[in-house]
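Participant: Here you go, this is entry16.pdb (PDB, C-alpha atoms, pLDDT in the B column).
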ATOM      1  CA  MET K 604     -90.613  33.615 -48.266  1.00 67.00           C
ATOM      2  CA  THR K 605     -89.473  30.000 -48.363  1.00 78.00           C
ATOM      3  CA  LEU K 606     -89.058  28.309 -51.732  1.00 80.00           C
ATOM      4  CA  VAL K 607     -88.431  24.583 -51.989  1.00 87.00           C
ATOM      5  CA  ALA K 608     -87.302  22.706 -55.093  1.00 89.00           C
ATOM      6  CA  TRP K 609     -85.430  19.553 -55.968  1.00 91.00           C
ATOM      7  CA  THR K 610     -82.411  19.840 -58.210  1.00 91.00           C
ATOM      8  CA  LYS K 611     -79.561  17.563 -59.246  1.00 92.00           C
ATOM      9  CA  VAL K 612     -75.809  17.526 -58.981  1.00 93.00           C
ATOM     10  CA  ASP K 613     -74.153  16.704 -62.301  1.00 95.00           C
ATOM     11  CA  LYS K 614     -71.042  14.537 -62.730  1.00 95.00           C
ATOM     12  CA  SER K 615     -68.820  17.640 -62.442  1.00 95.00           C
ATOM     13  CA  GLY K 616     -70.398  18.571 -59.111  1.00 93.00           C
ATOM     14  CA  ARG K 617     -72.384  21.483 -60.513  1.00 92.00           C
ATOM     15  CA  VAL K 618     -75.787  22.254 -59.045  1.00 91.00           C
ATOM     16  CA  TYR K 619     -78.548  23.828 -61.121  1.00 91.00           C
ATOM     17  CA  ILE K 620     -80.181  26.817 -59.399  1.00 92.00           C
ATOM     18  CA  PRO K 621     -83.785  27.147 -60.614  1.00 92.00           C
ATOM     19  CA  ALA K 622     -84.608  30.333 -62.573  1.00 92.00           C
ATOM     20  CA  GLU K 623     -87.116  31.519 -59.947  1.00 91.00           C
ATOM     21  CA  TYR K 624     -84.414  31.353 -57.278  1.00 91.00           C
ATOM     22  CA  ARG K 625     -81.894  33.189 -59.474  1.00 92.00           C
ATOM     23  CA  ARG K 626     -84.459  35.935 -60.096  1.00 91.00           C
ATOM     24  CA  GLU K 627     -85.278  36.194 -56.377  1.00 88.00           C
ATOM     25  CA  LEU K 628     -81.562  36.541 -55.547  1.00 89.00           C
ATOM     26  CA  GLY K 629     -80.855  38.838 -58.500  1.00 90.00           C
ATOM     27  CA  LEU K 630     -78.237  36.428 -59.858  1.00 93.00           C
ATOM     28  CA  LYS K 631     -76.967  36.800 -63.411  1.00 93.00           C
ATOM     29  CA  PRO K 632     -74.579  34.522 -65.342  1.00 93.00           C
ATOM     30  CA  GLY K 633     -71.031  35.076 -64.098  1.00 92.00           C
ATOM     31  CA  ASP K 634     -72.062  36.528 -60.712  1.00 93.00           C
ATOM     32  CA  SER K 635     -70.064  35.472 -57.660  1.00 91.00           C
ATOM     33  CA  VAL K 636     -71.842  33.599 -54.888  1.00 93.00           C
ATOM     34  CA  MET K 637     -70.728  32.437 -51.464  1.00 91.00           C
ATOM     35  CA  VAL K 638     -71.191  28.760 -50.682  1.00 91.00           C
ATOM     36  CA  GLN K 639     -71.339  27.792 -47.016  1.00 92.00           C
ATOM     37  CA  LEU K 640     -71.620  24.378 -45.388  1.00 94.00           C
ATOM     38  CA  HIS K 641     -73.466  24.795 -42.083  1.00 93.00           C
ATOM     39  CA  GLU K 642     -74.775  21.934 -39.935  1.00 94.00           C
ATOM     40  CA  GLY K 643     -75.360  19.631 -42.883  1.00 93.00           C
ATOM     41  CA  GLU K 644     -76.879  22.342 -45.108  1.00 91.00           C
ATOM     42  CA  LEU K 645     -75.331  23.836 -48.229  1.00 91.00           C
ATOM     43  CA  ARG K 646     -76.163  27.540 -48.372  1.00 90.00           C
ATOM     44  CA  ILE K 647     -75.697  29.744 -51.427  1.00 91.00           C
ATOM     45  CA  MET K 648     -75.670  33.506 -50.928  1.00 91.00           C
ATOM     46  CA  SER K 649     -75.304  36.313 -53.438  1.00 91.00           C
ATOM     47  CA  GLN K 650     -72.266  38.539 -53.075  1.00 90.00           C
ATOM     48  CA  LEU K 651     -74.499  41.546 -52.365  1.00 90.00           C
ATOM     49  CA  GLU K 652     -76.298  39.664 -49.581  1.00 91.00           C
ATOM     50  CA  GLY K 653     -72.952  38.646 -48.083  1.00 91.00           C
ATOM     51  CA  ILE K 654     -71.837  42.284 -48.052  1.00 92.00           C
ATOM     52  CA  ARG K 655     -75.151  43.380 -46.525  1.00 93.00           C
ATOM     53  CA  ARG K 656     -74.825  40.820 -43.730  1.00 93.00           C
ATOM     54  CA  ALA K 657     -71.191  41.744 -43.049  1.00 93.00           C
ATOM     55  CA  ARG K 658     -72.143  45.414 -42.751  1.00 91.00           C
ATOM     56  CA  GLU K 659     -74.958  44.475 -40.388  1.00 94.00           C
ATOM     57  CA  ILE K 660     -72.522  42.592 -38.140  1.00 95.00           C
ATOM     58  CA  VAL K 661     -69.985  45.444 -38.128  1.00 92.00           C
ATOM     59  CA  ALA K 662     -72.747  47.963 -37.321  1.00 91.00           C
ATOM     60  CA  ARG K 663     -73.423  46.104 -34.054  1.00 94.00           C
ATOM     61  CA  TYR K 664     -69.905  46.901 -32.825  1.00 93.00           C
ATOM     62  CA  VAL K 665     -69.000  50.205 -34.507  1.00 91.00           C
ATOM     63  CA  SER K 666     -70.848  53.461 -33.963  1.00 90.00           C
ATOM     64  CA  PRO K 667     -72.172  55.159 -37.134  1.00 87.00           C
ATOM     65  CA  ASP K 668     -69.978  58.241 -36.584  1.00 91.00           C
ATOM     66  CA  ARG K 669     -66.781  56.138 -36.681  1.00 91.00           C
ATOM     67  CA  SER K 670     -65.001  55.414 -39.979  1.00 91.00           C
ATOM     68  CA  LEU K 671     -62.949  52.232 -39.909  1.00 90.00           C
ATOM     69  CA  ALA K 672     -61.572  53.104 -43.351  1.00 92.00           C
ATOM     70  CA  ASP K 673     -60.300  56.473 -42.109  1.00 93.00           C
ATOM     71  CA  GLU K 674     -58.742  54.788 -39.068  1.00 93.00           C
ATOM     72  CA  LEU K 675     -56.977  52.232 -41.265  1.00 95.00           C
ATOM     73  CA  ILE K 676     -55.636  54.949 -43.576  1.00 96.00           C
ATOM     74  CA  ALA K 677     -54.360  56.928 -40.568  1.00 96.00           C
ATOM     75  CA  GLU K 678     -52.654  53.805 -39.177  1.00 96.00           C
ATOM     76  CA  ARG K 679     -50.960  53.081 -42.524  1.00 96.00           C
ATOM     77  CA  ARG K 680     -49.753  56.672 -42.822  1.00 96.00           C
ATOM     78  CA  ALA K 681     -48.388  56.562 -39.273  1.00 95.00           C
ATOM     79  CA  GLU K 682     -46.553  53.309 -40.078  1.00 95.00           C
ATOM     80  CA  ALA K 683     -45.120  54.800 -43.262  1.00 94.00           C
ATOM     81  CA  ALA K 684     -43.958  57.888 -41.358  1.00 94.00           C
ATOM     82  CA  ARG K 685     -42.134  55.698 -38.810  1.00 93.00           C
ATOM     83  CA  GLU K 686     -40.196  53.858 -41.541  1.00 89.00           C
TER      84      GLU K 686
END
Would you put the structure from the file into structure tokens?

Facilitator:
Amino acid sequence: MTLVAWTKVDKSGRVYIPAEYRRELGLKPGDSVMVQLHEGELRIMSQLEGIRRAREIVARYVSPDRSLADELIAERRAEAARE
């Protein structure tokens, strides 16, 4: 779904996100969002969407039976044992 709306930038640089957009993204007051400048476009992404996309990217390169967290913990323990 593509939504289009005009909004304004106030004197402090804040941009109003229309209520319909906030509902669609599941944004609540105080939520963190990622702001990205890409080829002349300003993109705003919810934190949950950013996490979902990051997981999707990692899944392309890491098999589902591999735990990167377990590997990192094992590496840290090995480093600590060497010290």

Participant: Using the chain letters and numbers from the file, give me the residues hit by the PyMOL selection byres ((chain K and resi 605) around 12), as a list in words.

Facilitator: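 In the shown coordinates, the PyMOL selection byres ((chain K and resi 605) around 12) covers Met604, Leu606, Val607, Ala608, Glu623, Tyr624 and Glu627 of chain K.
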
Participant: Once you have the residues from the selection above, write them out as a PDB file, in the coordinates of the input, restricted to C-alpha atoms.

Facilitator:
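Output (again11.pdb):
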ATOM      1  CA  MET K 604     -90.613  33.615 -48.266  1.00 67.00           C
ATOM      2  CA  LEU K 606     -89.058  28.309 -51.732  1.00 80.00           C
ATOM      3  CA  VAL K 607     -88.431  24.583 -51.989  1.00 87.00           C
ATOM      4  CA  ALA K 608     -87.302  22.706 -55.093  1.00 89.00           C
ATOM      5  CA  GLU K 623     -87.116  31.519 -59.947  1.00 91.00           C
ATOM      6  CA  TYR K 624     -84.414  31.353 -57.278  1.00 91.00           C
ATOM      7  CA  GLU K 627     -85.278  36.194 -56.377  1.00 88.00           C
TER       8      GLU K 627
END

Participant: What is the distance between atom CA of Gln639 of chain K and atom CA of Gly653 of chain K, in Å to one decimal?

Facilitator: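 Atom CA of Gly653 of chain K lies at a distance of 11.0 Å from atom CA of Gln639 of chain K.
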
Participant: Please report the interatomic distance between atom CA of Lys631 of chain K and atom CA of Gln650 of chain K in Å with one decimal.

Facilitator: 11.5 Å

Participant: Once the PyMOL selection byres ((chain K and resi 649) around 12) has been evaluated on this model, what residues remain selected, and can you format them as a PDB file with C-alpha atoms, in the coordinates of the input?

Facilitator:
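The result, written out as result_26.pdb:
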ATOM      1  CA  TYR K 624     -84.414  31.353 -57.278  1.00 91.00           C
ATOM      2  CA  ARG K 625     -81.894  33.189 -59.474  1.00 92.00           C
ATOM      3  CA  ARG K 626     -84.459  35.935 -60.096  1.00 91.00           C
ATOM      4  CA  GLU K 627     -85.278  36.194 -56.377  1.00 88.00           C
ATOM      5  CA  LEU K 628     -81.562  36.541 -55.547  1.00 89.00           C
ATOM      6  CA  GLY K 629     -80.855  38.838 -58.500  1.00 90.00           C
ATOM      7  CA  LEU K 630     -78.237  36.428 -59.858  1.00 93.00           C
ATOM      8  CA  LYS K 631     -76.967  36.800 -63.411  1.00 93.00           C
ATOM      9  CA  GLY K 633     -71.031  35.076 -64.098  1.00 92.00           C
ATOM     10  CA  ASP K 634     -72.062  36.528 -60.712  1.00 93.00           C
ATOM     11  CA  SER K 635     -70.064  35.472 -57.660  1.00 91.00           C
ATOM     12  CA  VAL K 636     -71.842  33.599 -54.888  1.00 93.00           C
ATOM     13  CA  MET K 637     -70.728  32.437 -51.464  1.00 91.00           C
ATOM     14  CA  VAL K 638     -71.191  28.760 -50.682  1.00 91.00           C
ATOM     15  CA  GLN K 639     -71.339  27.792 -47.016  1.00 92.00           C
ATOM     16  CA  ARG K 646     -76.163  27.540 -48.372  1.00 90.00           C
ATOM     17  CA  ILE K 647     -75.697  29.744 -51.427  1.00 91.00           C
ATOM     18  CA  MET K 648     -75.670  33.506 -50.928  1.00 91.00           C
ATOM     19  CA  GLN K 650     -72.266  38.539 -53.075  1.00 90.00           C
ATOM     20  CA  LEU K 651     -74.499  41.546 -52.365  1.00 90.00           C
ATOM     21  CA  GLU K 652     -76.298  39.664 -49.581  1.00 91.00           C
ATOM     22  CA  GLY K 653     -72.952  38.646 -48.083  1.00 91.00           C
ATOM     23  CA  ILE K 654     -71.837  42.284 -48.052  1.00 92.00           C
ATOM     24  CA  ARG K 655     -75.151  43.380 -46.525  1.00 93.00           C
ATOM     25  CA  ARG K 656     -74.825  40.820 -43.730  1.00 93.00           C
TER      26      ARG K 656
END

Participant: Enter the distance from atom CA of Ala622 of chain K to atom CA of Trp609 of chain K, in Å, rounded to one decimal.

Facilitator: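 Going from atom CA of Ala622 of chain K over to atom CA of Trp609 of chain K covers 12.7 Å.
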
Participant: Give the centre and edge lengths of an axis-aligned box, in Å to one decimal, that holds all listed atoms of segment 665-676 of chain K with 5 Å on each side, as lines of an AutoDock Vina configuration file.

Facilitator:
center_x = -63.9
center_y = 54.2
center_z = -38.8
size_x = 26.5
size_y = 18.0
size_z = 19.6

Participant: Write out as number ranges by chain the residues lying within 10 Å of Thr610 of chain K, counting all atoms listed in the file and excluding same-chain residues fewer than 3 positions away.

Facilitator: K: 607, 613, 618-621

Participant: Working from the structure I just supplied, which lacks atoms in segment 632-643 of chain K, can you model all heavy atoms there and output them as an mmCIF file, in the coordinates of the input?

Facilitator:
data_model
loop_
_atom_site.group_PDB
_atom_site.id
_atom_site.type_symbol
_atom_site.label_atom_id
_atom_site.label_comp_id
_atom_site.auth_asym_id
_atom_site.auth_seq_id
_atom_site.Cartn_x
_atom_site.Cartn_y
_atom_site.Cartn_z
ATOM 1 N N PRO K 632 -75.719 35.370 -64.968
ATOM 2 C CA PRO K 632 -74.579 34.522 -65.342
ATOM 3 C C PRO K 632 -73.256 35.224 -65.052
ATOM 4 O O PRO K 632 -73.089 36.413 -65.350
ATOM 5 C CB PRO K 632 -74.770 34.312 -66.843
ATOM 6 C CG PRO K 632 -76.244 34.458 -67.046
ATOM 7 C CD PRO K 632 -76.670 35.517 -66.071
ATOM 8 N N GLY K 633 -72.337 34.529 -64.420
ATOM 9 C CA GLY K 633 -71.031 35.076 -64.098
ATOM 10 C C GLY K 633 -70.943 35.735 -62.734
ATOM 11 O O GLY K 633 -69.853 36.099 -62.286
ATOM 12 N N ASP K 634 -72.080 35.926 -62.051
ATOM 13 C CA ASP K 634 -72.062 36.528 -60.712
ATOM 14 C C ASP K 634 -71.346 35.615 -59.725
ATOM 15 O O ASP K 634 -71.386 34.391 -59.845
ATOM 16 C CB ASP K 634 -73.489 36.767 -60.189
ATOM 17 C CG ASP K 634 -74.165 37.967 -60.808
ATOM 18 O OD1 ASP K 634 -73.501 38.699 -61.576
ATOM 19 O OD2 ASP K 634 -75.362 38.174 -60.543
ATOM 20 N N SER K 635 -70.709 36.228 -58.729
ATOM 21 C CA SER K 635 -70.064 35.472 -57.660
ATOM 22 C C SER K 635 -71.087 35.173 -56.568
ATOM 23 O O SER K 635 -71.933 36.015 -56.263
ATOM 24 C CB SER K 635 -68.922 36.275 -57.041
ATOM 25 O OG SER K 635 -67.879 36.433 -57.962
ATOM 26 N N VAL K 636 -70.996 33.978 -56.016
ATOM 27 C CA VAL K 636 -71.842 33.599 -54.888
ATOM 28 C C VAL K 636 -70.951 33.005 -53.810
ATOM 29 O O VAL K 636 -69.850 32.526 -54.085
ATOM 30 C CB VAL K 636 -72.944 32.580 -55.284
ATOM 31 C CG1 VAL K 636 -73.944 33.195 -56.236
ATOM 32 C CG2 VAL K 636 -72.359 31.319 -55.853
ATOM 33 N N MET K 637 -71.428 33.068 -52.574
ATOM 34 C CA MET K 637 -70.728 32.437 -51.464
ATOM 35 C C MET K 637 -71.426 31.113 -51.183
ATOM 36 O O MET K 637 -72.655 31.057 -51.147
ATOM 37 C CB MET K 637 -70.786 33.319 -50.222
ATOM 38 C CG MET K 637 -70.029 32.721 -49.053
ATOM 39 S SD MET K 637 -70.102 33.730 -47.564
ATOM 40 C CE MET K 637 -71.717 33.296 -46.959
ATOM 41 N N VAL K 638 -70.650 30.066 -51.009
ATOM 42 C CA VAL K 638 -71.191 28.760 -50.682
ATOM 43 C C VAL K 638 -70.711 28.427 -49.274
ATOM 44 O O VAL K 638 -69.527 28.530 -48.973
ATOM 45 C CB VAL K 638 -70.711 27.688 -51.685
ATOM 46 C CG1 VAL K 638 -71.287 26.334 -51.346
ATOM 47 C CG2 VAL K 638 -71.094 28.084 -53.099
ATOM 48 N N GLN K 639 -71.658 28.053 -48.418
ATOM 49 C CA GLN K 639 -71.339 27.792 -47.016
ATOM 50 C C GLN K 639 -71.936 26.449 -46.605
ATOM 51 O O GLN K 639 -73.092 26.168 -46.910
ATOM 52 C CB GLN K 639 -71.929 28.912 -46.154
ATOM 53 C CG GLN K 639 -71.685 28.768 -44.675
ATOM 54 C CD GLN K 639 -72.367 29.874 -43.887
ATOM 55 O OE1 GLN K 639 -73.487 30.270 -44.190
ATOM 56 N NE2 GLN K 639 -71.697 30.381 -42.884
ATOM 57 N N LEU K 640 -71.131 25.633 -45.950
ATOM 58 C CA LEU K 640 -71.620 24.378 -45.388
ATOM 59 C C LEU K 640 -71.859 24.634 -43.911
ATOM 60 O O LEU K 640 -70.935 24.995 -43.176
ATOM 61 C CB LEU K 640 -70.592 23.260 -45.593
ATOM 62 C CG LEU K 640 -71.004 21.874 -45.125
ATOM 63 C CD1 LEU K 640 -72.260 21.407 -45.858
ATOM 64 C CD2 LEU K 640 -69.873 20.892 -45.344
ATOM 65 N N HIS K 641 -73.104 24.482 -43.465
ATOM 66 C CA HIS K 641 -73.466 24.795 -42.083
ATOM 67 C C HIS K 641 -74.422 23.734 -41.562
ATOM 68 O O HIS K 641 -75.546 23.604 -42.061
ATOM 69 C CB HIS K 641 -74.117 26.184 -42.009
ATOM 70 C CG HIS K 641 -74.544 26.577 -40.633
ATOM 71 N ND1 HIS K 641 -73.650 26.992 -39.680
ATOM 72 C CD2 HIS K 641 -75.767 26.606 -40.050
ATOM 73 C CE1 HIS K 641 -74.305 27.268 -38.576
ATOM 74 N NE2 HIS K 641 -75.590 27.036 -38.765
ATOM 75 N N GLU K 642 -73.954 22.959 -40.583
ATOM 76 C CA GLU K 642 -74.775 21.934 -39.935
ATOM 77 C C GLU K 642 -75.527 21.052 -40.942
ATOM 78 O O GLU K 642 -76.736 20.868 -40.860
ATOM 79 C CB GLU K 642 -75.744 22.595 -38.957
ATOM 80 C CG GLU K 642 -75.044 23.298 -37.811
ATOM 81 C CD GLU K 642 -76.007 23.956 -36.834
ATOM 82 O OE1 GLU K 642 -77.230 23.872 -37.009
ATOM 83 O OE2 GLU K 642 -75.500 24.571 -35.872
ATOM 84 N N GLY K 643 -74.790 20.550 -41.918
ATOM 85 C CA GLY K 643 -75.360 19.631 -42.883
ATOM 86 C C GLY K 643 -76.152 20.284 -43.999
ATOM 87 O O GLY K 643 -76.745 19.596 -44.820
#
